[in-house]
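Visitor: Next comes start_18.txt, compact mmCIF, C-alpha atoms and all ligand atoms:
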```txt
# COMPACT_ATOMS: atom_id res chain seq x y z
CA MET Y 10 -32.90 -11.84 15.77
CA THR Y 11 -29.20 -11.00 15.38
CA THR Y 12 -26.23 -13.21 16.20
CA LYS Y 13 -23.71 -11.81 18.65
CA THR Y 14 -20.46 -10.72 17.00
CA ARG Y 15 -17.07 -10.76 18.75
CA GLU Y 16 -16.48 -7.64 20.79
CA ALA Y 17 -13.45 -6.64 18.71
CA VAL Y 18 -15.73 -6.51 15.66
CA ASP Y 19 -18.42 -4.42 17.40
CA HIS Y 20 -15.99 -1.56 17.90
CA LEU Y 21 -14.59 -1.38 14.36
CA PRO Y 22 -15.27 1.81 12.44
CA GLY Y 23 -15.54 -0.01 9.06
CA TYR Y 24 -13.40 0.57 5.95
CA ILE Y 25 -13.83 4.06 4.52
CA MET Y 26 -13.47 4.22 0.73
CA ALA Y 27 -12.91 7.37 -1.27
CA ALA Y 28 -16.14 8.80 -2.73
CA GLN Y 29 -17.06 6.90 -5.90
CA ASP Y 30 -19.98 8.66 -7.57
CA ILE Y 31 -21.10 12.25 -7.50
CA PRO Y 32 -24.78 12.68 -8.41
CA GLY Y 33 -25.24 15.04 -11.35
CA VAL Y 34 -21.57 15.04 -12.34
CA GLU Y 35 -20.76 13.33 -15.62
CA ARG Y 36 -16.98 13.12 -15.61
CA ILE Y 37 -15.37 11.86 -12.41
CA ILE Y 38 -11.64 12.33 -11.89
CA GLN Y 39 -10.81 9.67 -9.30
CA LEU Y 40 -7.72 10.75 -7.34
CA GLY Y 41 -8.72 9.23 -4.02
CA GLN Y 42 -7.56 5.63 -4.09
CA ASN Y 43 -3.87 5.62 -5.03
CA GLU Y 44 -4.55 3.60 -8.15
CA LEU Y 45 -2.31 3.90 -11.20
CA ALA Y 46 -3.67 6.56 -13.54
CA LEU Y 47 -1.85 5.07 -16.53
CA GLU Y 48 -2.48 1.84 -18.42
CA PRO Y 49 -1.00 -1.43 -17.16
CA SER Y 50 1.44 -3.33 -19.38
CA PRO Y 51 -0.21 -4.28 -22.71
CA ASN Y 52 1.26 -7.74 -22.12
CA ALA Y 53 -0.90 -8.05 -18.99
CA ILE Y 54 -4.04 -7.21 -20.96
CA GLU Y 55 -3.05 -9.68 -23.67
CA ALA Y 56 -2.47 -12.38 -20.99
CA ILE Y 57 -6.01 -11.83 -19.69
CA HIS Y 58 -7.43 -12.45 -23.17
CA GLN Y 59 -5.22 -15.51 -23.62
CA THR Y 60 -6.54 -17.18 -20.47
CA ALA Y 61 -10.19 -16.95 -21.55
CA SER Y 62 -10.10 -20.59 -22.73
CA ALA Y 63 -9.12 -21.82 -19.23
CA LEU Y 64 -12.04 -20.32 -17.32
CA SER Y 65 -13.74 -23.64 -16.55
CA ARG Y 66 -10.60 -24.88 -14.74
CA TYR Y 67 -9.39 -23.99 -11.26
CA PRO Y 68 -6.33 -21.76 -11.08
CA ASP Y 69 -2.84 -23.04 -10.22
CA ILE Y 70 -2.98 -22.92 -6.42
CA ALA Y 71 0.83 -22.96 -6.11
CA HIS Y 72 1.14 -19.83 -8.34
CA VAL Y 73 4.26 -21.37 -9.88
CA LYS Y 74 4.63 -19.19 -12.99
CA LEU Y 75 3.95 -15.96 -11.13
CA ARG Y 76 6.35 -16.80 -8.30
CA GLN Y 77 9.00 -17.76 -10.86
CA ALA Y 78 8.57 -14.41 -12.63
CA ILE Y 79 8.92 -12.55 -9.32
CA ALA Y 80 11.97 -14.62 -8.38
CA ASP Y 81 13.61 -14.00 -11.78
CA VAL Y 82 12.97 -10.27 -11.89
CA HIS Y 83 13.95 -9.53 -8.27
CA GLY Y 84 16.64 -12.20 -7.91
CA LEU Y 85 14.76 -13.87 -5.03
CA ASN Y 86 14.32 -17.45 -3.83
CA PHE Y 87 11.20 -19.01 -5.31
CA GLU Y 88 10.32 -20.92 -2.09
CA GLN Y 89 10.27 -17.76 0.00
CA ILE Y 90 7.57 -16.07 -2.13
CA ALA Y 91 3.85 -16.31 -1.28
CA CYS Y 92 1.07 -14.72 -3.32
CA GLY Y 93 -2.41 -13.63 -2.28
CA ALA Y 94 -5.52 -11.84 -3.53
CA GLY Y 95 -4.00 -8.40 -3.04
CA SER Y 96 -1.59 -7.61 -0.25
CA LEU Y 97 -4.67 -7.16 1.93
CA GLU Y 98 -5.33 -10.90 1.84
CA LEU Y 99 -1.74 -11.56 2.91
CA LEU Y 100 -1.84 -8.93 5.66
CA GLY Y 101 -5.09 -10.45 6.94
CA LEU Y 102 -3.51 -13.90 6.94
CA LEU Y 103 -0.48 -12.67 8.89
CA ALA Y 104 -2.81 -11.09 11.45
CA ASN Y 105 -4.69 -14.39 11.82
CA ILE Y 106 -1.57 -16.52 11.94
CA TYR Y 107 0.31 -14.48 14.53
CA CYS Y 108 -2.21 -12.53 16.62
CA GLU Y 109 -4.29 -13.74 19.54
CA ASP Y 110 -5.40 -12.42 22.91
CA GLY Y 111 -2.48 -11.10 24.94
CA VAL Y 112 -0.28 -10.34 21.90
CA ASP Y 113 0.94 -6.81 21.13
CA VAL Y 114 1.40 -5.42 17.64
CA VAL Y 115 3.49 -2.25 17.29
CA VAL Y 116 2.56 0.18 14.51
CA SER Y 117 3.58 3.71 13.58
CA GLU Y 118 0.98 6.47 14.04
CA PHE Y 119 0.34 7.30 10.39
CA GLY Y 120 1.08 3.82 9.04
CA TYR Y 121 -1.53 2.25 6.74
CA LYS Y 122 -4.52 1.56 8.99
CA PHE Y 123 -6.02 -1.64 7.66
CA PHE Y 124 -3.43 -3.96 9.21
CA GLN Y 125 -4.33 -2.61 12.65
CA VAL Y 126 -7.97 -3.50 12.01
CA GLN Y 127 -7.08 -7.06 11.05
CA CYS Y 128 -4.81 -7.55 14.09
CA THR Y 129 -7.47 -6.10 16.40
CA VAL Y 130 -10.06 -8.54 15.09
CA ALA Y 131 -7.58 -11.37 15.64
CA GLY Y 132 -7.38 -10.33 19.31
CA ALA Y 133 -4.14 -8.34 19.46
CA ASN Y 134 -3.55 -5.16 21.39
CA ILE Y 135 -2.27 -2.39 19.11
CA ILE Y 136 0.53 -0.12 20.35
CA ILE Y 137 0.57 3.07 18.27
CA VAL Y 138 3.90 4.92 18.20
CA PRO Y 139 3.66 8.70 17.59
CA GLU Y 140 5.23 10.23 14.48
CA PRO Y 141 6.53 13.67 15.43
CA ASP Y 142 7.20 14.93 11.87
CA LEU Y 143 4.92 12.62 9.88
CA LYS Y 144 7.84 10.18 9.72
CA ALA Y 145 8.18 6.81 11.44
CA ASP Y 146 10.38 7.23 14.55
CA ILE Y 147 12.50 4.08 14.65
CA ASP Y 148 13.90 4.71 18.14
CA ALA Y 149 10.39 5.18 19.53
CA ILE Y 150 9.19 2.03 17.76
CA ILE Y 151 12.07 0.03 19.29
CA ALA Y 152 11.27 1.52 22.72
CA ALA Y 153 7.57 0.60 22.37
CA VAL Y 154 8.24 -3.12 21.87
CA THR Y 155 7.13 -5.24 24.85
CA ALA Y 156 7.74 -8.83 25.90
CA GLN Y 157 4.31 -9.58 24.36
CA THR Y 158 5.11 -8.02 20.98
CA ARG Y 159 4.84 -10.51 18.15
CA ILE Y 160 4.72 -8.17 15.14
CA VAL Y 161 6.17 -4.76 14.31
CA PHE Y 162 4.52 -3.27 11.22
CA ILE Y 163 6.15 -0.60 9.09
CA VAL Y 164 5.08 0.89 5.76
CA THR Y 165 7.72 2.32 3.42
CA PRO Y 166 6.94 4.41 1.43
CA ASN Y 167 4.13 5.11 3.83
CA ASN Y 168 0.52 5.77 2.87
CA PRO Y 169 -0.71 8.52 3.47
CA THR Y 170 2.45 10.52 4.33
CA GLY Y 171 4.60 9.42 1.37
CA THR Y 172 7.75 9.07 3.46
CA SER Y 173 10.24 6.20 3.15
CA LEU Y 174 12.58 5.03 5.88
CA ALA Y 175 16.02 6.64 5.62
CA SER Y 176 18.90 4.47 4.50
CA GLY Y 177 19.98 1.94 7.14
CA GLU Y 178 16.85 2.41 9.28
CA LEU Y 179 15.16 -0.85 8.30
CA LYS Y 180 18.29 -2.83 9.11
CA ARG Y 181 18.71 -0.96 12.39
CA LEU Y 182 15.09 -1.70 13.31
CA ARG Y 183 15.45 -5.40 12.48
CA ASN Y 184 18.73 -5.64 14.41
CA SER Y 185 17.11 -4.07 17.47
CA LEU Y 186 14.21 -6.52 17.65
CA ALA Y 187 14.27 -9.87 19.37
CA ASP Y 188 14.56 -12.71 16.84
CA GLU Y 189 11.03 -13.98 17.51
CA VAL Y 190 9.38 -10.61 16.71
CA LEU Y 191 8.22 -10.63 13.08
CA LEU Y 192 8.97 -7.40 11.22
CA VAL Y 193 6.31 -6.84 8.53
CA VAL Y 194 7.34 -4.30 5.88
CA ASP Y 195 4.57 -3.08 3.60
CA GLY Y 196 6.17 -1.85 0.39
CA ALA Y 197 2.96 -1.36 -1.61
CA TYR Y 198 4.45 1.80 -3.23
CA ALA Y 199 8.09 0.64 -3.40
CA GLU Y 200 8.26 0.76 -7.20
CA PHE Y 201 7.66 4.52 -7.16
CA ALA Y 202 10.58 5.17 -4.79
CA ASP Y 203 14.08 6.07 -5.96
CA ASN Y 204 15.68 2.64 -6.15
CA THR Y 205 19.16 4.04 -5.54
CA LYS Y 206 18.06 4.97 -2.01
CA TYR Y 207 15.14 2.67 -1.21
CA GLU Y 208 15.69 -0.23 1.18
CA SER Y 209 13.41 -3.12 0.26
CA GLY Y 210 14.30 -5.54 3.08
CA PHE Y 211 14.76 -8.41 0.58
CA ASP Y 212 18.44 -8.67 1.55
CA LEU Y 213 17.48 -9.03 5.22
CA ALA Y 214 15.03 -11.82 4.35
CA ASP Y 215 17.79 -13.50 2.29
CA ALA Y 216 20.12 -13.27 5.29
CA GLY Y 217 17.60 -15.32 7.30
CA GLU Y 218 16.22 -12.42 9.36
CA ASN Y 219 12.66 -12.59 10.68
CA ILE Y 220 11.23 -10.08 8.20
CA VAL Y 221 8.43 -10.36 5.67
CA VAL Y 222 8.21 -7.85 2.81
CA MET Y 223 4.79 -7.19 1.26
CA ARG Y 224 4.33 -6.08 -2.36
CA THR Y 225 1.34 -5.55 -4.63
CA PHE Y 226 0.35 -5.39 -8.30
CA SER Y 227 -2.36 -2.85 -7.40
CA LYS Y 228 -0.24 0.29 -7.53
CA ALA Y 229 2.69 0.73 -9.96
CA TYR Y 230 1.65 -2.31 -12.03
CA GLY Y 231 -1.84 -0.85 -12.51
CA LEU Y 232 -3.74 -4.07 -11.70
CA ALA Y 233 -5.79 -3.07 -8.63
CA GLY Y 234 -8.89 -4.72 -10.07
CA MET Y 235 -7.10 -8.05 -10.57
CA ARG Y 236 -6.27 -8.43 -6.84
CA VAL Y 237 -2.74 -9.80 -6.68
CA GLY Y 238 -0.15 -9.21 -3.97
CA TRP Y 239 2.92 -11.11 -2.85
CA CYS Y 240 5.33 -11.32 0.01
CA TYR Y 241 8.90 -12.48 0.61
CA GLY Y 242 10.02 -13.86 3.91
CA PRO Y 243 11.25 -16.77 5.99
CA ASN Y 244 10.13 -20.28 4.99
CA ASP Y 245 8.10 -20.73 8.19
CA VAL Y 246 6.05 -17.60 7.42
CA VAL Y 247 5.49 -18.62 3.79
CA ASP Y 248 4.56 -22.16 4.86
CA ALA Y 249 2.06 -20.88 7.44
CA ILE Y 250 0.46 -18.65 4.79
CA ALA Y 251 0.16 -21.61 2.42
CA LYS Y 252 -1.63 -23.59 5.15
CA VAL Y 253 -4.34 -21.02 5.87
CA ARG Y 254 -4.76 -19.25 2.53
CA SER Y 255 -7.98 -19.81 0.62
CA PRO Y 256 -6.40 -21.94 -2.14
CA ASN Y 257 -8.16 -20.44 -5.16
CA SER Y 258 -8.23 -16.81 -4.09
CA ILE Y 259 -6.22 -15.59 -7.11
CA THR Y 260 -7.96 -16.22 -10.41
CA THR Y 261 -6.26 -17.69 -13.49
CA GLN Y 262 -6.63 -14.36 -15.29
CA SER Y 263 -5.11 -12.43 -12.41
CA LEU Y 264 -2.15 -14.81 -12.18
CA ALA Y 265 -1.48 -14.49 -15.92
CA ALA Y 266 -1.82 -10.70 -15.89
CA ALA Y 267 0.49 -10.29 -12.89
CA GLU Y 268 3.11 -12.61 -14.38
CA ALA Y 269 3.12 -10.70 -17.68
CA ALA Y 270 3.25 -7.35 -15.86
CA MET Y 271 6.17 -8.50 -13.69
CA ARG Y 272 8.11 -9.60 -16.76
CA ASP Y 273 7.53 -6.21 -18.44
CA GLN Y 274 9.87 -4.05 -16.36
CA THR Y 275 10.31 -1.66 -19.29
CA HIS Y 276 6.67 -0.66 -18.96
CA LEU Y 277 6.94 -0.44 -15.17
CA ASN Y 278 9.93 1.89 -15.40
CA LYS Y 279 8.15 4.07 -17.95
CA VAL Y 280 5.01 4.56 -15.84
CA THR Y 281 6.82 5.08 -12.54
CA HIS Y 282 9.03 7.70 -14.19
CA GLU Y 283 6.02 9.52 -15.66
CA ILE Y 284 4.13 9.47 -12.35
CA SER Y 285 7.18 10.74 -10.44
CA GLU Y 286 7.52 13.69 -12.85
CA LEU Y 287 3.82 14.56 -12.53
CA ARG Y 288 4.09 14.25 -8.74
CA GLU Y 289 7.02 16.65 -8.49
CA SER Y 290 5.37 19.16 -10.80
CA PHE Y 291 2.15 18.97 -8.71
CA ARG Y 292 4.12 19.51 -5.48
CA GLN Y 293 5.77 22.56 -7.00
CA LYS Y 294 2.41 24.02 -8.07
CA MET Y 295 0.97 23.49 -4.59
CA GLN Y 296 3.99 25.17 -3.03
CA ASP Y 297 3.59 28.08 -5.47
CA ILE Y 298 0.11 28.71 -4.07
CA GLY Y 299 1.42 28.61 -0.52
CA LEU Y 300 0.47 25.08 0.48
CA GLN Y 301 2.70 22.50 2.11
CA ALA Y 302 2.95 19.49 -0.22
CA LEU Y 303 4.96 16.80 1.53
CA PRO Y 304 7.80 15.05 -0.28
CA SER Y 305 6.52 11.67 -1.46
CA ASP Y 306 7.99 8.42 -2.70
CA GLY Y 307 4.53 7.14 -3.71
CA ASN Y 308 1.98 7.94 -6.45
CA PHE Y 309 0.27 10.39 -4.12
CA VAL Y 310 0.99 13.58 -2.21
CA LEU Y 311 -0.25 14.69 1.20
CA VAL Y 312 -1.20 18.38 1.02
CA ARG Y 313 -1.45 20.37 4.24
CA PHE Y 314 -3.84 23.35 4.34
CA ALA Y 315 -3.97 26.38 6.63
CA ASN Y 316 -6.53 24.60 8.80
CA GLU Y 317 -9.31 22.02 8.80
CA ASP Y 318 -11.88 24.49 7.43
CA GLN Y 319 -9.75 25.27 4.40
CA ALA Y 320 -9.15 21.56 3.73
CA LYS Y 321 -12.90 20.91 3.94
CA ALA Y 322 -13.74 23.81 1.65
CA VAL Y 323 -11.22 22.68 -0.96
CA TYR Y 324 -12.49 19.09 -0.81
CA ALA Y 325 -16.10 20.25 -1.24
CA SER Y 326 -15.39 22.53 -4.17
CA LEU Y 327 -13.38 19.85 -5.95
CA ILE Y 328 -16.26 17.39 -5.49
CA GLU Y 329 -18.59 19.95 -7.13
CA VAL Y 330 -16.60 19.63 -10.35
CA GLY Y 331 -16.15 15.85 -10.15
CA ILE Y 332 -12.63 15.67 -8.70
CA ILE Y 333 -12.35 13.15 -5.86
CA ILE Y 334 -9.38 13.33 -3.49
CA ARG Y 335 -9.08 11.83 -0.01
CA PRO Y 336 -9.93 13.49 3.32
CA MET Y 337 -7.61 12.36 6.10
CA GLY Y 338 -9.96 12.41 9.11
CA SER Y 339 -9.40 8.70 9.77
CA TYR Y 340 -5.72 9.52 10.48
CA ASP Y 341 -6.59 12.63 12.53
CA LEU Y 342 -4.90 14.73 9.85
CA THR Y 343 -7.98 16.88 9.37
CA ASP Y 344 -6.03 19.82 7.88
CA CYS Y 345 -4.65 17.55 5.13
CA LEU Y 346 -5.95 16.02 1.91
CA ARG Y 347 -4.25 13.20 0.02
CA VAL Y 348 -4.06 13.51 -3.74
CA THR Y 349 -3.35 10.49 -5.96
CA ILE Y 350 -1.33 11.48 -9.01
CA GLY Y 351 -3.54 11.26 -12.09
CA THR Y 352 -2.78 11.62 -15.80
CA GLY Y 353 -1.19 14.85 -17.04
CA GLU Y 354 -4.60 16.07 -18.19
CA GLU Y 355 -6.28 15.22 -14.86
CA MET Y 356 -3.53 16.96 -12.90
CA ALA Y 357 -3.84 20.07 -15.09
CA ILE Y 358 -7.61 20.23 -14.38
CA LEU Y 359 -6.99 19.75 -10.64
CA GLN Y 360 -4.21 22.33 -10.53
CA ASP Y 361 -6.30 24.92 -12.40
CA ARG Y 362 -9.15 24.43 -9.95
CA MET Y 363 -6.84 24.69 -6.93
CA MET Y 364 -5.27 27.87 -8.34
CA ALA Y 365 -8.72 29.35 -8.90
CA LEU Y 366 -9.64 28.56 -5.30
CA LEU Y 367 -6.45 29.53 -3.50
CA GLY Y 368 -4.04 31.13 -5.97
C1 LIG B 1 0.17 0.75 2.23
C2 LIG B 1 -0.82 -0.14 1.56
N1 LIG B 1 -0.75 -1.45 1.75
C3 LIG B 1 -1.62 -2.30 1.17
C4 LIG B 1 -2.62 -1.82 0.36
C5 LIG B 1 -3.60 -2.80 -0.24
O1 LIG B 1 -3.20 -3.17 -1.48
P1 LIG B 1 -3.82 -4.40 -2.28
O2 LIG B 1 -4.62 -3.82 -3.37
O3 LIG B 1 -2.62 -5.16 -2.75
O4 LIG B 1 -4.63 -5.22 -1.36
C6 LIG B 1 -2.76 -0.45 0.14
C7 LIG B 1 -3.86 0.06 -0.70
O5 LIG B 1 -4.19 1.19 -0.77
C8 LIG B 1 -1.84 0.41 0.76
O6 LIG B 1 -1.92 1.73 0.60
```
Just give me the structure of the file as structure tokens.

Guide:
Amino acid sequence: MTTKTREAVDHLPGYIMAAQDIPGVERIIQLGQNELALEPSPNAIEAIHQTASALSRYPDIAHVKLRQAIADVHGLNFEQIACGAGSLELLGLLANIYCEDGVDVVVSEFGYKFFQVQCTVAGANIIIVPEPDLKADIDAIIAAVTAQTRIVFIVTPNNPTGTSLASGELKRLRNSLADEVLLVVDGAYAEFADNTKYESGFDLADAGENIVVMRTFSKAYGLAGMRVGWCYGPNDVVDAIAKVRSPNSITTQSLAAAEAAMRDQTHLNKVTHEISELRESFRQKMQDIGLQALPSDGNFVLVRFANEDQAKAVYASLIEVGIIIRPMGSYDLTDCLRVTIGTGEEMAILQDRMMALLG
């Protein structure tokens, strides 16, 4: 006997992870999940040890110390910050708070997929706006908005393309939307972008615009396993999140680690600089062997091959030697593979193998 699920759930493809294990291969080089290849702040690791004595107690459900650290470091208003168990928890909450039958959600074609899934389950109709050059087309997004649109979702820098919105585009998008449409900006990779050019959207939120900016400790802060994300937006959005959030979803250890990592901006700057250098050197090597390696503001690069067969062959021969990268079939980019930037040693092994295959 099985219980009937909602129709929206029946049609979901299910979350596709990067490969994890390869039978018979001893050393795995995991470059498929956009995790940080370098160590997190030592202060975060120390904070985890320090909290061991508090394990029998529930965590602070108001996340006061972590929100204060975020507010101090970014110069933001404490009350407008909400934290969750990864940005995925917060994205799921936004979907549940704002979507229902008859509501439209506008997304860009190659924007991070998981938010679409959550909005679909919550009953929304998803309007997908084409990306002609693997870049979000702001005019087309504005044109796609309907009277039923409640959320416009944009990812910058975007996963998997690596592109960020050009200067002024976020503000232009916000200014072109009706006040009651919530603009959700997923900045999971923002710390890797060039901060002299990158538009975070925090200033728009401070100016009272209907925009919520999502951030995570899973990428540049190297704490994917701790599950902490945060967002910054209008008080009504933050209050609604507080009402529906599972109160204890972030553990005491995770809160302490994230707070310590946020306060260690020296470490953050060091790792983002190192990853950016490795990323640019990898792009150059790929271009040297005749492949298109897209410019990226994230800790990953989308590599375009001659065709789908070549992409498949490269993926398979990397798997043979334990290197896992990410096929892009779920985005219909079957001639592309996404490579997370690993350590210098990992990138050297990958590059040697790619040269041997295609060079
Ligand atoms: C664009 C984007 N948003 C959100 C997430 C989820 O991050 P978190 O670990 O904070 O849930 C990811 C993870 O890959 C991502 O690529």

Visitor: With all atoms listed in the file counted, collect every polymer residue having an atom within 9 Å of ligand LIG 1 (chain B); state the result as a VMD selection string.

Guide: chain Y and resid 42 to 44 93 to 100 120 to 124 164 to 169 195 to 198 223 to 228 232 to 239

Visitor: Just give me the gap between atom CA of Y:Glu109 and atom CA of Y:Leu179 in Å, one decimal is fine.

Guide: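 Interatomic distance here is 25.9 Å.
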
Visitor: Show me, as a ChimeraX atom specification, the residues that have an atom within 7 Å of stretch 181-183 of chain Y when counting all atoms listed in the file, minus same-chain residues fewer than 2 positions from it.

Guide: /Y:147,151,177-179,185-186,192

Visitor: With 5 Å of padding per side, what axis-aligned box (centre and edge lengths, Å, one decimal) covers all the listed atoms of stretch 185-188 of chain Y? Give it as lines of an AutoDock Vina configuration file.

Guide:
```
center_x = 15.7
center_y = -8.4
center_z = 18.1
size_x = 12.9
size_y = 18.6
size_z = 12.5
```

Visitor: Do you have the atom CA of Y:Asn219-atom CA of Y:Leu191 distance handy?

Guide: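 Straight-line distance from atom CA of Y:Asn219 to atom CA of Y:Leu191 works out to 5.4 Å.
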
Visitor: Find the spatial neighbours of Y:Phe119, counting only C-alpha atoms, within a cut-off of 12 Å - ignore same-chain residues fewer than 2 positions away - and output them as an mmCIF file with C-alpha atoms, in the coordinates of the input.

Guide:
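Written out: selection30.cif:
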```
data_model
loop_
_atom_site.group_PDB
_atom_site.id
_atom_site.type_symbol
_atom_site.label_atom_id
_atom_site.label_comp_id
_atom_site.auth_asym_id
_atom_site.auth_seq_id
_atom_site.Cartn_x
_atom_site.Cartn_y
_atom_site.Cartn_z
ATOM 1 C CA VAL Y 116 2.560 0.180 14.510
ATOM 2 C CA SER Y 117 3.580 3.710 13.580
ATOM 3 C CA TYR Y 121 -1.530 2.250 6.740
ATOM 4 C CA LYS Y 122 -4.520 1.560 8.990
ATOM 5 C CA PHE Y 123 -6.020 -1.640 7.660
ATOM 6 C CA PHE Y 124 -3.430 -3.960 9.210
ATOM 7 C CA GLN Y 125 -4.330 -2.610 12.650
ATOM 8 C CA ILE Y 137 0.570 3.070 18.270
ATOM 9 C CA VAL Y 138 3.900 4.920 18.200
ATOM 10 C CA PRO Y 139 3.660 8.700 17.590
ATOM 11 C CA GLU Y 140 5.230 10.230 14.480
ATOM 12 C CA PRO Y 141 6.530 13.670 15.430
ATOM 13 C CA ASP Y 142 7.200 14.930 11.870
ATOM 14 C CA LEU Y 143 4.920 12.620 9.880
ATOM 15 C CA LYS Y 144 7.840 10.180 9.720
ATOM 16 C CA ALA Y 145 8.180 6.810 11.440
ATOM 17 C CA ASP Y 146 10.380 7.230 14.550
ATOM 18 C CA PHE Y 162 4.520 -3.270 11.220
ATOM 19 C CA ILE Y 163 6.150 -0.600 9.090
ATOM 20 C CA VAL Y 164 5.080 0.890 5.760
ATOM 21 C CA THR Y 165 7.720 2.320 3.420
ATOM 22 C CA PRO Y 166 6.940 4.410 1.430
ATOM 23 C CA ASN Y 167 4.130 5.110 3.830
ATOM 24 C CA ASN Y 168 0.520 5.770 2.870
ATOM 25 C CA PRO Y 169 -0.710 8.520 3.470
ATOM 26 C CA THR Y 170 2.450 10.520 4.330
ATOM 27 C CA GLY Y 171 4.600 9.420 1.370
ATOM 28 C CA THR Y 172 7.750 9.070 3.460
ATOM 29 C CA LEU Y 311 -0.250 14.690 1.200
ATOM 30 C CA MET Y 337 -7.610 12.360 6.100
ATOM 31 C CA GLY Y 338 -9.960 12.410 9.110
ATOM 32 C CA SER Y 339 -9.400 8.700 9.770
ATOM 33 C CA TYR Y 340 -5.720 9.520 10.480
ATOM 34 C CA ASP Y 341 -6.590 12.630 12.530
ATOM 35 C CA LEU Y 342 -4.900 14.730 9.850
#
```

Visitor: Pick from Y:Glu208, Y:Asp248, Y:Glu289, Y:Asp148: nearest to Y:Pro304, with only C-alpha atoms counted?

Guide: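 Closest to Y:Pro304 of all the choices is Y:Glu289.
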
Visitor: Counting all atoms listed in the file, which of Y:Gly101, Y:Pro49, Y:Gly353, Y:Gly23 gets nearest to Y:Leu277?

Guide: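 Of Y:Gly101, Y:Pro49, Y:Gly353, Y:Gly23, the one nearest Y:Leu277, counting all atoms listed in the file, is Y:Pro49.
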
Visitor: At a cut-off of 10 Å, using all atoms listed in the file, what residues contact Y:Val330? Leave out same-chain residues fewer than 3 positions from it and give the result as a PyMOL selection string.

Guide: chain Y and resi 31+33-38+325-327+333+358-359+362

Visitor: Contacts of Y:Gln89 at 8 Å or less, counting only C-alpha atoms, minus same-chain residues fewer than 3 places along, as a CSV table (one decimal) with C-alpha atoms, in the frame of the given file?

Guide:
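For reference, out16.csv as written:
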```csv
chain,number,residue,atom,x,y,z
Y,85,LEU,CA,14.8,-13.9,-5.0
Y,86,ASN,CA,14.3,-17.4,-3.8
Y,241,TYR,CA,8.9,-12.5,0.6
Y,242,GLY,CA,10.0,-13.9,3.9
Y,243,PRO,CA,11.2,-16.8,6.0
Y,244,ASN,CA,10.1,-20.3,5.0
Y,247,VAL,CA,5.5,-18.6,3.8
```

Visitor: One decimal, Å: what's the distance from atom CA of Y:Val194 over to atom CA of Y:Val221, could you say?

Guide: 6.2 Å

Visitor: At a cut-off of 7 Å, using all atoms listed in the file, what residues contact Y:Ala320? Leave out same-chain residues fewer than 3 positions from it and give the result as a PyMOL selection string.

Guide: chain Y and resi 314+316-317+323-324+344-346

Visitor: Looking at Y:Asn105, Y:Gln293, Y:Thr129, Y:Ser173, which one is nearest to Y:His20, with distances taken over all atoms listed in the file?

Guide: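 Residue with the minimum atom-to-atom distance to Y:His20: Y:Thr129.
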
Visitor: Between Y:Ala315, Y:Ile54, Y:Ile284, Y:Ala28, which has the minimum distance to Y:Thr343 (counting all atoms listed in the file)?

Guide: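 Among the listed residues, the smallest separation from Y:Thr343 belongs to Y:Ala315.
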
Visitor: Just add N, CA, C and O atoms to stretch 294-301 of chain Y and send it as a PDB file, keeping the file's coordinate frame.

Guide:
```pdb
ATOM      1  N   LYS Y 294       3.573  23.139  -7.872  1.00  0.00           N
ATOM      2  CA  LYS Y 294       2.410  24.020  -8.070  1.00  0.00           C
ATOM      3  C   LYS Y 294       1.732  24.308  -6.735  1.00  0.00           C
ATOM      4  O   LYS Y 294       1.288  25.427  -6.472  1.00  0.00           O
ATOM      5  N   MET Y 295       1.618  23.284  -5.899  1.00  0.00           N
ATOM      6  CA  MET Y 295       0.970  23.490  -4.590  1.00  0.00           C
ATOM      7  C   MET Y 295       1.813  24.444  -3.733  1.00  0.00           C
ATOM      8  O   MET Y 295       1.281  25.312  -3.055  1.00  0.00           O
ATOM      9  N   GLN Y 296       3.126  24.273  -3.806  1.00  0.00           N
ATOM     10  CA  GLN Y 296       3.990  25.170  -3.030  1.00  0.00           C
ATOM     11  C   GLN Y 296       3.879  26.599  -3.552  1.00  0.00           C
ATOM     12  O   GLN Y 296       3.881  27.545  -2.773  1.00  0.00           O
ATOM     13  N   ASP Y 297       3.731  26.745  -4.876  1.00  0.00           N
ATOM     14  CA  ASP Y 297       3.590  28.080  -5.470  1.00  0.00           C
ATOM     15  C   ASP Y 297       2.359  28.800  -4.951  1.00  0.00           C
ATOM     16  O   ASP Y 297       2.334  30.030  -4.895  1.00  0.00           O
ATOM     17  N   ILE Y 298       1.301  28.024  -4.596  1.00  0.00           N
ATOM     18  CA  ILE Y 298       0.110  28.710  -4.070  1.00  0.00           C
ATOM     19  C   ILE Y 298       0.099  28.692  -2.527  1.00  0.00           C
ATOM     20  O   ILE Y 298      -0.931  28.891  -1.888  1.00  0.00           O
ATOM     21  N   GLY Y 299       1.259  28.435  -1.974  1.00  0.00           N
ATOM     22  CA  GLY Y 299       1.420  28.610  -0.520  1.00  0.00           C
ATOM     23  C   GLY Y 299       1.015  27.414   0.323  1.00  0.00           C
ATOM     24  O   GLY Y 299       0.863  27.539   1.541  1.00  0.00           O
ATOM     25  N   LEU Y 300       0.841  26.249  -0.309  1.00  0.00           N
ATOM     26  CA  LEU Y 300       0.470  25.080   0.480  1.00  0.00           C
ATOM     27  C   LEU Y 300       1.694  24.198   0.723  1.00  0.00           C
ATOM     28  O   LEU Y 300       2.636  24.191  -0.066  1.00  0.00           O
ATOM     29  N   GLN Y 301       1.620  23.443   1.827  1.00  0.00           N
ATOM     30  CA  GLN Y 301       2.700  22.500   2.110  1.00  0.00           C
ATOM     31  C   GLN Y 301       2.347  21.177   1.418  1.00  0.00           C
ATOM     32  O   GLN Y 301       1.316  20.574   1.735  1.00  0.00           O
TER      33      GLN Y 301
END
```
